[in-house]
Every structure is written in structure tokens, then in C-alpha cells.
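Encoded as C-alpha cells, the structure appears first; notes follow it.
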Amino acid sequence: MTPADAPAGRRAIPPHALESVWRAPDGFAIRRIDWSGRQTAGQPPRGSLLFLPGRADFYEKYLETLDGWHQQGWRVTAMDWRWQAGSGRYHRDPRLGGTQGFSAWVNDLANFWASWTAATPGPHVLIGHSMGGHLVLRAVAERSRMERGVRPDALVLSAPMLGFVTPVPARLQPAFAQAMCRIGDSARPAWKDGERPGQSQSKRGMSLTHDGNRYSDELWWRLRRPELDMGPASWDWVRKASDSIVRLGEPGLIESVDVPVLTLAARKDALVSWPAIARIAARLPRGQLAEFGREAAHELLREADPVRDHVLAQITCFLDRVAPREVPA
């Protein structure tokens, strides 16, 4: 598929979207993109929506979805996580994914949320995919413990990273990751390529989406913007991710999430654990779970049109119900 053949909106930054940088309190530069809300027939924007991608992810992969939400009247913002895509790296090796700790990401989100909600119209919706889904849920669940809490009017989780698909049993994963860090350099790659241990680069696309054209969009962007390219995570990242998953599962923490939550997940996801997602979703007091079968892989927002259309319809229906347009007095 050539760039000329690609559908409009997938391989170009829309002219009405603005790329810029947000400075975290410590001065770290974090890349963002914003669509100002459409105003038609004198109506104000529907509200504001913030999207956070997953590990080794970048917002260019979701341009058609983000622009679609903008066309529905939302003011849309997306940003990279610190140490990912256009927001720098933790390790000297630019292809190696690492982190000082998941709390650093949660704190970045809390600080950004405070300034973003102050500058944008409500209702405010938070959407996270994969690792982004894990982090946004943790930020909402831990808001009472933080100086700046994150409380959206609605929360959407796309294939959230609440457990891993691995031969190692879930209860042993934190100890296994710790052991791997102790017996070697914790900064070494946890796998060679692809998105999971034992997976080749050639099979990577199959674990992400059934739509080959949308998968090729990612490769196209990585070639045009080399700074977006990232490969496997370090064992230290795996250890910290496992610890964060355990932390999120602490008794009472998920039950404290008192906002409406829509979780979308595929039973046959090859990267994140469906049973773990189902368990957490069942604990959410105001949670709703939309499940998909073999027709769906990990990247639900980048799936083939029949699946993607269903995913977007579920999100639209949820937001219409829990985050209706604010009507000026």
C-alpha cells in the first residue's frame, strides 16, 4: 500500500490539528497533539477527550480515530508518554523501552490532567489503550493518594494491560521478572523483537490487528519519523510493569473508582490477559465490559472495519449516556 493509496487522515497530520510540547513540572518535554472543538451552528464543543496510547506506541497510529472524535464535536488531545515516541528515551539505546517507574507516568498524567481540564470545556473523557489503559485506570484509582487527582466524567479502556499473556502463571510473574533482573543486566532486552517474548517481527502485525493496511500505516510513520521507533522492553520494565499490575489489584483500590468505565477487550488477545481484564472489570462499581472474539486482536481501534466500527459504536453509545453534551445556561 503506497502513501497515495492510504485513506485520508491516516498518513498525514490534519491541518486543523496542532502538534506541540507540554513541559512537565521537572521540565521534561512531552509531545502532544490537539484538535480544537468544532463549533457548528453556534453550538459549543461536545466536551473534551484525552487519549493515551500504549507501550512503544505513538499518537500517529490513531489519527483517523482521533480526527473522527473531533468530527463528532469533541475537543481532542493525545500525548506520548515520557520516554516514548517523540518524548525521548529512558535508555541510551533508542529502541529499548524502559522507565524510572510507572508512578512517574501516573504523576505526569495527573499534572497534565490538572492543566488540561482547566483549559478545556467539560465533560472530560479519558481514554487509554493497553499500557495507557493500565496507567489511566491506576491514576483514577489512586487519586485520593495523590496531590493532584484524576477524575474524569467517563473513562474508556481499550485492551488495558492488566495482565500478560505468558507461559509464566500470573501469581509468579513478579518473582520471575525480579529473578531475571538479578541474574543479568536489568537493562537488557526482555525479548529480541516483536511485541512479546518468542514472537518474531514478521508475526508482530498479526498480534496487533487483522487489518494489514492499518498495520502498514505504523511502519510508514516509523520510516518517516524515526524517533517514533521502539522495540522490546527491558527486563526492568517488565519487573516494574508486573509490580504495577499487583499494585492496581490491591483490595479496595479498583472498588474506589466511582466514575463510569467502559472496558473493551478481545478474548483472544495475544498480548494482554483477557481473564485479568475480566476480573478487574467485574470489580468496577460502574463498569461495563464489551468483549470481542477471534475477529479482534490487540489494537481494537485499528482493527478491520467491521470490528473497529463496532468498537467505535460502543464508545459512542457509552459517551452519549454518561457524558452528555453540556448545555449553556
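Ordering of the C-alpha cells sets the chain letters (A, B, ...), residue numbers begin anew at 1 in every chain, and ligands are numbered from 1 in the order given.
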- Contacts of segment 69-74 of chain A within 7 Å, only C-alpha atoms, excl. fewer than 2 positions in-chain, as a PyMOL selection string: chain A and resi 35+37-38+45-49+65-67+76
For the residues selected in the previous step, produce a file with N, CA, C and O atoms as an mmCIF file, in the first residue's frame.
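Writing done, so here's again_7.cif:
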data_model
loop_
_atom_site.group_PDB
_atom_site.id
_atom_site.type_symbol
_atom_site.label_atom_id
_atom_site.label_comp_id
_atom_site.auth_asym_id
_atom_site.auth_seq_id
_atom_site.Cartn_x
_atom_site.Cartn_y
_atom_site.Cartn_z
ATOM 1 N N TRP A 35 -6.734 18.889 18.806
ATOM 2 C CA TRP A 35 -7.772 19.353 17.898
ATOM 3 C C TRP A 35 -8.693 20.256 18.707
ATOM 4 O O TRP A 35 -9.262 19.826 19.713
ATOM 5 N N GLY A 37 -12.166 22.109 19.539
ATOM 6 C CA GLY A 37 -13.520 21.627 19.316
ATOM 7 C C GLY A 37 -14.198 22.308 18.147
ATOM 8 O O GLY A 37 -14.071 23.514 17.938
ATOM 9 N N ARG A 38 -14.921 21.521 17.353
ATOM 10 C CA ARG A 38 -15.693 22.105 16.246
ATOM 11 C C ARG A 38 -16.899 22.870 16.799
ATOM 12 O O ARG A 38 -17.524 22.444 17.759
ATOM 13 N N PRO A 45 -18.310 23.034 21.733
ATOM 14 C CA PRO A 45 -17.780 21.676 21.620
ATOM 15 C C PRO A 45 -18.565 20.711 22.510
ATOM 16 O O PRO A 45 -19.106 21.090 23.545
ATOM 17 N N ARG A 46 -18.631 19.477 22.095
ATOM 18 C CA ARG A 46 -19.324 18.430 22.852
ATOM 19 C C ARG A 46 -18.728 18.261 24.248
ATOM 20 O O ARG A 46 -19.391 17.920 25.209
ATOM 21 N N GLY A 47 -17.431 18.479 24.367
ATOM 22 C CA GLY A 47 -16.659 18.256 25.577
ATOM 23 C C GLY A 47 -15.222 18.025 25.164
ATOM 24 O O GLY A 47 -14.835 18.318 24.029
ATOM 25 N N SER A 48 -14.420 17.486 26.058
ATOM 26 C CA SER A 48 -13.004 17.292 25.769
ATOM 27 C C SER A 48 -12.586 15.860 26.066
ATOM 28 O O SER A 48 -12.999 15.273 27.065
ATOM 29 N N LEU A 49 -11.740 15.332 25.198
ATOM 30 C CA LEU A 49 -11.335 13.935 25.262
ATOM 31 C C LEU A 49 -9.817 13.851 25.210
ATOM 32 O O LEU A 49 -9.177 14.444 24.333
ATOM 33 N N THR A 65 -8.909 7.829 14.160
ATOM 34 C CA THR A 65 -9.850 7.729 15.267
ATOM 35 C C THR A 65 -9.965 9.051 16.007
ATOM 36 O O THR A 65 -11.070 9.514 16.319
ATOM 37 N N LEU A 66 -8.829 9.679 16.281
ATOM 38 C CA LEU A 66 -8.835 10.962 16.979
ATOM 39 C C LEU A 66 -9.555 12.023 16.163
ATOM 40 O O LEU A 66 -10.355 12.810 16.694
ATOM 41 N N ASP A 67 -9.288 12.045 14.848
ATOM 42 C CA ASP A 67 -9.952 13.023 13.987
ATOM 43 C C ASP A 67 -11.447 12.727 13.891
ATOM 44 O O ASP A 67 -12.270 13.646 13.799
ATOM 45 N N VAL A 76 -10.194 17.300 21.143
ATOM 46 C CA VAL A 76 -9.396 16.085 21.312
ATOM 47 C C VAL A 76 -7.924 16.420 21.556
ATOM 48 O O VAL A 76 -7.358 17.290 20.892
#
Near segment 107-111 of chain A, within 10 Å and counting only C-alpha atoms, which residues show up once chain neighbours fewer than 4 positions away are dropped, as a PDB file with all heavy atoms, in the first residue's frame?
ATOM      1  N   ARG A  23       5.480  20.846  28.935  1.00  0.00           N
ATOM      2  CA  ARG A  23       6.586  20.697  29.871  1.00  0.00           C
ATOM      3  C   ARG A  23       6.061  20.205  31.217  1.00  0.00           C
ATOM      4  O   ARG A  23       5.244  20.859  31.866  1.00  0.00           O
ATOM      5  CB  ARG A  23       7.309  22.033  30.067  1.00  0.00           C
ATOM      6  CG  ARG A  23       8.007  22.541  28.818  1.00  0.00           C
ATOM      7  CD  ARG A  23       9.338  21.864  28.621  1.00  0.00           C
ATOM      8  NE  ARG A  23       9.977  22.314  27.363  1.00  0.00           N
ATOM      9  CZ  ARG A  23      11.159  21.871  26.952  1.00  0.00           C
ATOM     10  NH1 ARG A  23      11.842  21.006  27.684  1.00  0.00           N
ATOM     11  NH2 ARG A  23      11.660  22.294  25.805  1.00  0.00           N
ATOM     12  N   ALA A  24       6.546  19.049  31.637  1.00  0.00           N
ATOM     13  CA  ALA A  24       6.199  18.531  32.960  1.00  0.00           C
ATOM     14  C   ALA A  24       6.825  19.432  34.023  1.00  0.00           C
ATOM     15  O   ALA A  24       7.710  20.243  33.714  1.00  0.00           O
ATOM     16  CB  ALA A  24       6.705  17.102  33.092  1.00  0.00           C
ATOM     17  N   PRO A  25       6.384  19.321  35.273  1.00  0.00           N
ATOM     18  CA  PRO A  25       6.943  20.190  36.319  1.00  0.00           C
ATOM     19  C   PRO A  25       8.460  20.136  36.439  1.00  0.00           C
ATOM     20  O   PRO A  25       9.081  21.122  36.842  1.00  0.00           O
ATOM     21  CB  PRO A  25       6.267  19.658  37.590  1.00  0.00           C
ATOM     22  CG  PRO A  25       4.947  19.156  37.117  1.00  0.00           C
ATOM     23  CD  PRO A  25       5.227  18.545  35.767  1.00  0.00           C
ATOM     24  N   ASP A  26       9.085  19.004  36.064  1.00  0.00           N
ATOM     25  CA  ASP A  26      10.547  18.915  36.128  1.00  0.00           C
ATOM     26  C   ASP A  26      11.210  19.406  34.850  1.00  0.00           C
ATOM     27  O   ASP A  26      12.434  19.305  34.694  1.00  0.00           O
ATOM     28  CB  ASP A  26      10.983  17.481  36.431  1.00  0.00           C
ATOM     29  CG  ASP A  26      10.601  16.492  35.327  1.00  0.00           C
ATOM     30  OD1 ASP A  26       9.897  16.902  34.376  1.00  0.00           O
ATOM     31  OD2 ASP A  26      10.982  15.313  35.436  1.00  0.00           O
ATOM     32  N   PHE A  28      10.687  18.231  31.761  1.00  0.00           N
ATOM     33  CA  PHE A  28      10.751  17.217  30.711  1.00  0.00           C
ATOM     34  C   PHE A  28       9.745  17.550  29.613  1.00  0.00           C
ATOM     35  O   PHE A  28       8.591  17.880  29.879  1.00  0.00           O
ATOM     36  CB  PHE A  28      10.445  15.834  31.301  1.00  0.00           C
ATOM     37  CG  PHE A  28      10.881  14.694  30.426  1.00  0.00           C
ATOM     38  CD1 PHE A  28      12.096  14.063  30.641  1.00  0.00           C
ATOM     39  CD2 PHE A  28      10.081  14.249  29.387  1.00  0.00           C
ATOM     40  CE1 PHE A  28      12.504  13.009  29.838  1.00  0.00           C
ATOM     41  CE2 PHE A  28      10.473  13.202  28.578  1.00  0.00           C
ATOM     42  CZ  PHE A  28      11.696  12.574  28.803  1.00  0.00           C
ATOM     43  N   ILE A  30       7.240  16.707  26.784  1.00  0.00           N
ATOM     44  CA  ILE A  30       6.334  15.624  26.401  1.00  0.00           C
ATOM     45  C   ILE A  30       5.504  16.089  25.207  1.00  0.00           C
ATOM     46  O   ILE A  30       4.857  17.138  25.243  1.00  0.00           O
ATOM     47  CB  ILE A  30       5.441  15.219  27.581  1.00  0.00           C
ATOM     48  CG1 ILE A  30       6.320  14.615  28.688  1.00  0.00           C
ATOM     49  CG2 ILE A  30       4.363  14.233  27.141  1.00  0.00           C
ATOM     50  CD1 ILE A  30       5.566  14.204  29.929  1.00  0.00           C
ATOM     51  N   LEU A  52      -4.521   8.383  25.583  1.00  0.00           N
ATOM     52  CA  LEU A  52      -3.165   7.964  25.910  1.00  0.00           C
ATOM     53  C   LEU A  52      -2.884   6.593  25.286  1.00  0.00           C
ATOM     54  O   LEU A  52      -3.635   5.635  25.527  1.00  0.00           O
ATOM     55  CB  LEU A  52      -2.972   7.870  27.433  1.00  0.00           C
ATOM     56  CG  LEU A  52      -2.786   9.166  28.233  1.00  0.00           C
ATOM     57  CD1 LEU A  52      -1.622   9.988  27.703  1.00  0.00           C
ATOM     58  CD2 LEU A  52      -4.053   9.973  28.291  1.00  0.00           C
ATOM     59  N   MET A  79      -1.282  12.500  23.751  1.00  0.00           N
ATOM     60  CA  MET A  79       0.129  12.775  24.016  1.00  0.00           C
ATOM     61  C   MET A  79       0.897  11.474  24.163  1.00  0.00           C
ATOM     62  O   MET A  79       0.338  10.415  24.433  1.00  0.00           O
ATOM     63  CB  MET A  79       0.292  13.643  25.258  1.00  0.00           C
ATOM     64  CG  MET A  79       0.006  12.970  26.581  1.00  0.00           C
ATOM     65  SD  MET A  79       0.414  14.080  27.958  1.00  0.00           S
ATOM     66  CE  MET A  79       0.227  12.967  29.355  1.00  0.00           C
ATOM     67  N   TRP A  81       3.757   9.174  26.109  1.00  0.00           N
ATOM     68  CA  TRP A  81       4.276   9.049  27.469  1.00  0.00           C
ATOM     69  C   TRP A  81       5.741   9.484  27.482  1.00  0.00           C
ATOM     70  O   TRP A  81       6.447   9.389  26.470  1.00  0.00           O
ATOM     71  CB  TRP A  81       4.177   7.605  27.940  1.00  0.00           C
ATOM     72  CG  TRP A  81       2.774   7.103  28.107  1.00  0.00           C
ATOM     73  CD1 TRP A  81       2.114   6.224  27.301  1.00  0.00           C
ATOM     74  CD2 TRP A  81       1.859   7.456  29.148  1.00  0.00           C
ATOM     75  NE1 TRP A  81       0.836   6.009  27.782  1.00  0.00           N
ATOM     76  CE2 TRP A  81       0.650   6.745  28.914  1.00  0.00           C
ATOM     77  CE3 TRP A  81       1.931   8.303  30.267  1.00  0.00           C
ATOM     78  CZ2 TRP A  81      -0.460   6.852  29.746  1.00  0.00           C
ATOM     79  CZ3 TRP A  81       0.821   8.404  31.104  1.00  0.00           C
ATOM     80  CH2 TRP A  81      -0.356   7.695  30.841  1.00  0.00           C
ATOM     81  N   ARG A  82       6.180   9.959  28.617  1.00  0.00           N
ATOM     82  CA  ARG A  82       7.599  10.235  28.833  1.00  0.00           C
ATOM     83  C   ARG A  82       8.422   8.985  28.452  1.00  0.00           C
ATOM     84  O   ARG A  82       8.021   7.864  28.729  1.00  0.00           O
ATOM     85  CB  ARG A  82       7.798  10.577  30.307  1.00  0.00           C
ATOM     86  CG  ARG A  82       9.211  10.900  30.722  1.00  0.00           C
ATOM     87  CD  ARG A  82       9.308  11.034  32.230  1.00  0.00           C
ATOM     88  NE  ARG A  82       8.548  12.159  32.758  1.00  0.00           N
ATOM     89  CZ  ARG A  82       9.064  13.179  33.450  1.00  0.00           C
ATOM     90  NH1 ARG A  82      10.368  13.206  33.700  1.00  0.00           N
ATOM     91  NH2 ARG A  82       8.295  14.152  33.910  1.00  0.00           N
ATOM     92  N   PHE A 102       6.480   3.232  36.987  1.00  0.00           N
ATOM     93  CA  PHE A 102       5.148   3.542  36.493  1.00  0.00           C
ATOM     94  C   PHE A 102       4.544   4.726  37.237  1.00  0.00           C
ATOM     95  O   PHE A 102       3.689   5.437  36.699  1.00  0.00           O
ATOM     96  CB  PHE A 102       4.256   2.302  36.604  1.00  0.00           C
ATOM     97  CG  PHE A 102       4.397   1.359  35.437  1.00  0.00           C
ATOM     98  CD1 PHE A 102       5.641   0.898  35.031  1.00  0.00           C
ATOM     99  CD2 PHE A 102       3.281   0.928  34.728  1.00  0.00           C
ATOM    100  CE1 PHE A 102       5.783   0.042  33.958  1.00  0.00           C
ATOM    101  CE2 PHE A 102       3.408   0.070  33.648  1.00  0.00           C
ATOM    102  CZ  PHE A 102       4.659  -0.376  33.256  1.00  0.00           C
ATOM    103  N   SER A 103       4.991   4.968  38.464  1.00  0.00           N
ATOM    104  CA  SER A 103       4.483   6.128  39.207  1.00  0.00           C
ATOM    105  C   SER A 103       4.858   7.435  38.527  1.00  0.00           C
ATOM    106  O   SER A 103       4.123   8.419  38.605  1.00  0.00           O
ATOM    107  CB  SER A 103       5.025   6.119  40.641  1.00  0.00           C
ATOM    108  OG  SER A 103       4.494   5.036  41.376  1.00  0.00           O
ATOM    109  N   SER A 115      -3.816  20.777  34.322  1.00  0.00           N
ATOM    110  CA  SER A 115      -3.743  21.947  33.440  1.00  0.00           C
ATOM    111  C   SER A 115      -4.688  21.807  32.252  1.00  0.00           C
ATOM    112  O   SER A 115      -5.299  22.793  31.818  1.00  0.00           O
ATOM    113  CB  SER A 115      -2.303  22.137  32.947  1.00  0.00           C
ATOM    114  OG  SER A 115      -1.862  21.011  32.194  1.00  0.00           O
ATOM    115  N   TRP A 116      -4.847  20.590  31.746  1.00  0.00           N
ATOM    116  CA  TRP A 116      -5.692  20.364  30.571  1.00  0.00           C
ATOM    117  C   TRP A 116      -7.162  20.589  30.899  1.00  0.00           C
ATOM    118  O   TRP A 116      -7.883  21.248  30.132  1.00  0.00           O
ATOM    119  CB  TRP A 116      -5.456  18.944  30.056  1.00  0.00           C
ATOM    120  CG  TRP A 116      -6.252  18.562  28.850  1.00  0.00           C
ATOM    121  CD1 TRP A 116      -6.035  18.939  27.556  1.00  0.00           C
ATOM    122  CD2 TRP A 116      -7.395  17.693  28.824  1.00  0.00           C
ATOM    123  NE1 TRP A 116      -6.979  18.365  26.719  1.00  0.00           N
ATOM    124  CE2 TRP A 116      -7.819  17.594  27.471  1.00  0.00           C
ATOM    125  CE3 TRP A 116      -8.090  16.980  29.805  1.00  0.00           C
ATOM    126  CZ2 TRP A 116      -8.915  16.812  27.092  1.00  0.00           C
ATOM    127  CZ3 TRP A 116      -9.179  16.208  29.430  1.00  0.00           C
ATOM    128  CH2 TRP A 116      -9.581  16.133  28.086  1.00  0.00           C
ATOM    129  N   LEU A 135      -2.378   2.664  32.960  1.00  0.00           N
ATOM    130  CA  LEU A 135      -1.949   3.869  33.660  1.00  0.00           C
ATOM    131  C   LEU A 135      -3.101   4.822  33.962  1.00  0.00           C
ATOM    132  O   LEU A 135      -3.154   5.415  35.041  1.00  0.00           O
ATOM    133  CB  LEU A 135      -0.868   4.580  32.839  1.00  0.00           C
ATOM    134  CG  LEU A 135       0.477   3.857  32.795  1.00  0.00           C
ATOM    135  CD1 LEU A 135       1.379   4.450  31.724  1.00  0.00           C
ATOM    136  CD2 LEU A 135       1.167   3.908  34.153  1.00  0.00           C
ATOM    137  N   VAL A 136      -4.034   4.984  33.026  1.00  0.00           N
ATOM    138  CA  VAL A 136      -5.150   5.893  33.305  1.00  0.00           C
ATOM    139  C   VAL A 136      -6.049   5.312  34.396  1.00  0.00           C
ATOM    140  O   VAL A 136      -6.567   6.052  35.245  1.00  0.00           O
ATOM    141  CB  VAL A 136      -5.950   6.240  32.034  1.00  0.00           C
ATOM    142  CG1 VAL A 136      -5.056   6.892  30.994  1.00  0.00           C
ATOM    143  CG2 VAL A 136      -6.652   5.033  31.446  1.00  0.00           C
ATOM    144  N   ALA A 139      -4.250   5.902  37.647  1.00  0.00           N
ATOM    145  CA  ALA A 139      -4.301   7.310  38.036  1.00  0.00           C
ATOM    146  C   ALA A 139      -5.644   7.660  38.664  1.00  0.00           C
ATOM    147  O   ALA A 139      -5.717   8.403  39.648  1.00  0.00           O
ATOM    148  CB  ALA A 139      -4.034   8.200  36.829  1.00  0.00           C
ATOM    149  N   VAL A 140      -6.727   7.118  38.093  1.00  0.00           N
ATOM    150  CA  VAL A 140      -8.061   7.377  38.649  1.00  0.00           C
ATOM    151  C   VAL A 140      -8.227   6.662  39.985  1.00  0.00           C
ATOM    152  O   VAL A 140      -8.760   7.222  40.953  1.00  0.00           O
ATOM    153  CB  VAL A 140      -9.154   6.939  37.653  1.00  0.00           C
ATOM    154  CG1 VAL A 140     -10.533   7.074  38.273  1.00  0.00           C
ATOM    155  CG2 VAL A 140      -9.065   7.763  36.379  1.00  0.00           C
ATOM    156  N   ARG A 143      -6.312   8.436  42.931  1.00  0.00           N
ATOM    157  CA  ARG A 143      -6.411   9.897  43.029  1.00  0.00           C
ATOM    158  C   ARG A 143      -6.445  10.389  44.470  1.00  0.00           C
ATOM    159  O   ARG A 143      -5.947  11.475  44.769  1.00  0.00           O
ATOM    160  CB  ARG A 143      -7.636  10.399  42.273  1.00  0.00           C
ATOM    161  CG  ARG A 143      -8.974  10.020  42.870  1.00  0.00           C
ATOM    162  CD  ARG A 143     -10.113  10.488  41.973  1.00  0.00           C
ATOM    163  NE  ARG A 143     -11.411  10.193  42.542  1.00  0.00           N
ATOM    164  CZ  ARG A 143     -12.002   9.006  42.492  1.00  0.00           C
ATOM    165  NH1 ARG A 143     -11.391   8.007  41.870  1.00  0.00           N
ATOM    166  NH2 ARG A 143     -13.181   8.813  43.043  1.00  0.00           N
ATOM    167  N   MET A 146      -2.996  11.070  45.818  1.00  0.00           N
ATOM    168  CA  MET A 146      -2.152  11.990  45.080  1.00  0.00           C
ATOM    169  C   MET A 146      -2.502  13.432  45.382  1.00  0.00           C
ATOM    170  O   MET A 146      -3.645  13.754  45.729  1.00  0.00           O
ATOM    171  CB  MET A 146      -2.288  11.720  43.574  1.00  0.00           C
ATOM    172  CG  MET A 146      -1.953  10.284  43.177  1.00  0.00           C
ATOM    173  SD  MET A 146      -2.300   9.959  41.436  1.00  0.00           S
ATOM    174  CE  MET A 146      -1.082  11.025  40.661  1.00  0.00           C
ATOM    175  N   GLU A 147      -1.495  14.301  45.221  1.00  0.00           N
ATOM    176  CA  GLU A 147      -1.721  15.734  45.425  1.00  0.00           C
ATOM    177  C   GLU A 147      -2.694  16.262  44.385  1.00  0.00           C
ATOM    178  O   GLU A 147      -3.548  17.095  44.680  1.00  0.00           O
ATOM    179  CB  GLU A 147      -0.387  16.477  45.347  1.00  0.00           C
ATOM    180  CG  GLU A 147      -0.516  17.979  45.557  1.00  0.00           C
ATOM    181  CD  GLU A 147       0.829  18.685  45.482  1.00  0.00           C
ATOM    182  OE1 GLU A 147       1.859  17.984  45.480  1.00  0.00           O
ATOM    183  OE2 GLU A 147       0.837  19.925  45.419  1.00  0.00           O
ATOM    184  N   ARG A 148      -2.544  15.767  43.145  1.00  0.00           N
ATOM    185  CA  ARG A 148      -3.438  16.153  42.054  1.00  0.00           C
ATOM    186  C   ARG A 148      -4.139  14.901  41.554  1.00  0.00           C
ATOM    187  O   ARG A 148      -3.516  14.038  40.941  1.00  0.00           O
ATOM    188  CB  ARG A 148      -2.654  16.818  40.927  1.00  0.00           C
ATOM    189  CG  ARG A 148      -2.102  18.196  41.290  1.00  0.00           C
ATOM    190  CD  ARG A 148      -1.425  18.840  40.099  1.00  0.00           C
ATOM    191  NE  ARG A 148      -1.111  20.234  40.355  1.00  0.00           N
ATOM    192  CZ  ARG A 148      -0.561  21.048  39.463  1.00  0.00           C
ATOM    193  NH1 ARG A 148      -0.255  20.592  38.261  1.00  0.00           N
ATOM    194  NH2 ARG A 148      -0.308  22.310  39.764  1.00  0.00           N
ATOM    195  N   GLY A 149      -5.405  14.784  41.836  1.00  0.00           N
ATOM    196  CA  GLY A 149      -6.141  13.597  41.451  1.00  0.00           C
ATOM    197  C   GLY A 149      -6.692  13.683  40.036  1.00  0.00           C
ATOM    198  O   GLY A 149      -6.846  14.761  39.467  1.00  0.00           O
ATOM    199  N   VAL A 150      -6.951  12.522  39.455  1.00  0.00           N
ATOM    200  CA  VAL A 150      -7.521  12.428  38.112  1.00  0.00           C
ATOM    201  C   VAL A 150      -8.912  11.830  38.243  1.00  0.00           C
ATOM    202  O   VAL A 150      -9.068  10.671  38.622  1.00  0.00           O
ATOM    203  CB  VAL A 150      -6.644  11.549  37.196  1.00  0.00           C
ATOM    204  CG1 VAL A 150      -7.306  11.358  35.844  1.00  0.00           C
ATOM    205  CG2 VAL A 150      -5.251  12.156  37.046  1.00  0.00           C
ATOM    206  N   ARG A 151      -9.936  12.632  37.943  1.00  0.00           N
ATOM    207  CA  ARG A 151     -11.301  12.131  37.998  1.00  0.00           C
ATOM    208  C   ARG A 151     -12.059  12.572  36.756  1.00  0.00           C
ATOM    209  O   ARG A 151     -12.637  13.653  36.714  1.00  0.00           O
ATOM    210  CB  ARG A 151     -12.042  12.608  39.253  1.00  0.00           C
ATOM    211  CG  ARG A 151     -13.358  11.847  39.466  1.00  0.00           C
ATOM    212  CD  ARG A 151     -14.163  12.368  40.646  1.00  0.00           C
ATOM    213  NE  ARG A 151     -15.269  11.484  40.961  1.00  0.00           N
ATOM    214  CZ  ARG A 151     -16.412  11.406  40.268  1.00  0.00           C
ATOM    215  NH1 ARG A 151     -16.579  12.173  39.214  1.00  0.00           N
ATOM    216  NH2 ARG A 151     -17.363  10.568  40.636  1.00  0.00           N
TER     217      ARG A 151
END
- Distance in Å - atom CA of Gly249 of chain A versus atom CA of Gly98 of chain A: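 According to the coordinates, atom CA of Gly249 of chain A and atom CA of Gly98 of chain A are separated by 22.3 Å.
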- Message: Could you pull out the helix (DSSP H, G or I) residues of segment 104-266 of chain A, going by DSSP on the backbone, and write them as a count of residues only?
- Response: 84
- Counting only C-alpha atoms, the option among A:Ala281, A:Ala85, A:Ala56, A:Val168 closest to Arg32 of chain A: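 When distances to Arg32 of chain A are compared using only C-alpha atoms, the smallest one comes from A:Ala85.
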- Members of segment 2-177 of chain A assigned strand (DSSP E or B) by DSSP, as a PyMOL selection string: chain A and resi 17-23+29-35+47-52+74-79+97+124-129+154-158+164
- Query: What lies within 12 Å of Leu271 of chain A using only C-alpha atoms, ignoring chain neighbours under 3 positions off, as a VMD selection string?
  - Reply: chain A and resid 54 to 55 130 to 131 159 to 167 194 to 199 204 to 209 265 to 268 274 276 to 277 297 to 299
- Within 8 Å of segment 311-325 of chain A, counting only C-alpha atoms, which residues qualify if same-chain residues fewer than 6 places away don't, as a PyMOL selection string? chain A and resi 46-47+123-125+153-154+156+260+262+264+290+300-301
File of the preceding selection, C-alpha atoms, as a short mmCIF file (atom, residue, chain, number, x, y, z; two decimals), in the first residue's frame:
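So the final result, stored in again-v1.cif, reads:
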data_model
loop_
_atom_site.label_atom_id
_atom_site.label_comp_id
_atom_site.auth_asym_id
_atom_site.auth_seq_id
_atom_site.Cartn_x
_atom_site.Cartn_y
_atom_site.Cartn_z
CA ARG A 46 -19.32 18.43 22.85
CA GLY A 47 -16.66 18.26 25.58
CA PRO A 123 -17.38 16.90 30.22
CA HIS A 124 -13.87 15.47 30.30
CA VAL A 125 -13.29 11.96 28.97
CA ASP A 153 -16.51 12.23 33.77
CA ALA A 154 -16.07 8.98 31.85
CA VAL A 156 -12.67 4.19 28.41
CA PRO A 260 -18.38 5.24 34.64
CA LEU A 262 -16.20 1.16 29.59
CA LEU A 264 -13.22 -3.14 25.61
CA ALA A 290 -17.55 -5.10 25.88
CA LEU A 300 -9.19 -2.63 18.70
CA LEU A 301 -9.14 0.95 17.43
#
- Smallest atom-to-atom distance to Ala241 of chain A: which of A:Gly132, A:Ile280, A:Gly9, A:Thr117, using only C-alpha atoms?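 Looking only at the distances to Ala241 of chain A, the closest residue turns out to be A:Gly132.
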- Message: Which residue is closest to Trp191 of chain A? Choose from A:Leu96, A:Leu223, A:Val246, A:Leu157 and count only C-alpha atoms.
- Response: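 Closest to Trp191 of chain A of all the choices is A:Leu96.
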- Which one is closest to Leu126 of chain A: A:Pro174, A:Pro94, A:Pro53, A:Pro169? Count only C-alpha atoms.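 With only C-alpha atoms as the atom set, the closest residue is A:Pro53.
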- Considering only C-alpha atoms, state which residue in the set A:Thr77, A:Gln173, A:Thr99, A:Thr120 is at the smallest distance from Asp243 of chain A.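 Of A:Thr77, A:Gln173, A:Thr99, A:Thr120, the one nearest Asp243 of chain A is A:Gln173, counting only C-alpha atoms.
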- Which residue, A:Arg225, A:Arg182, A:His210, A:Lys192, has the smallest gap to Arg239 of chain A when you use only C-alpha atoms? A:Arg182
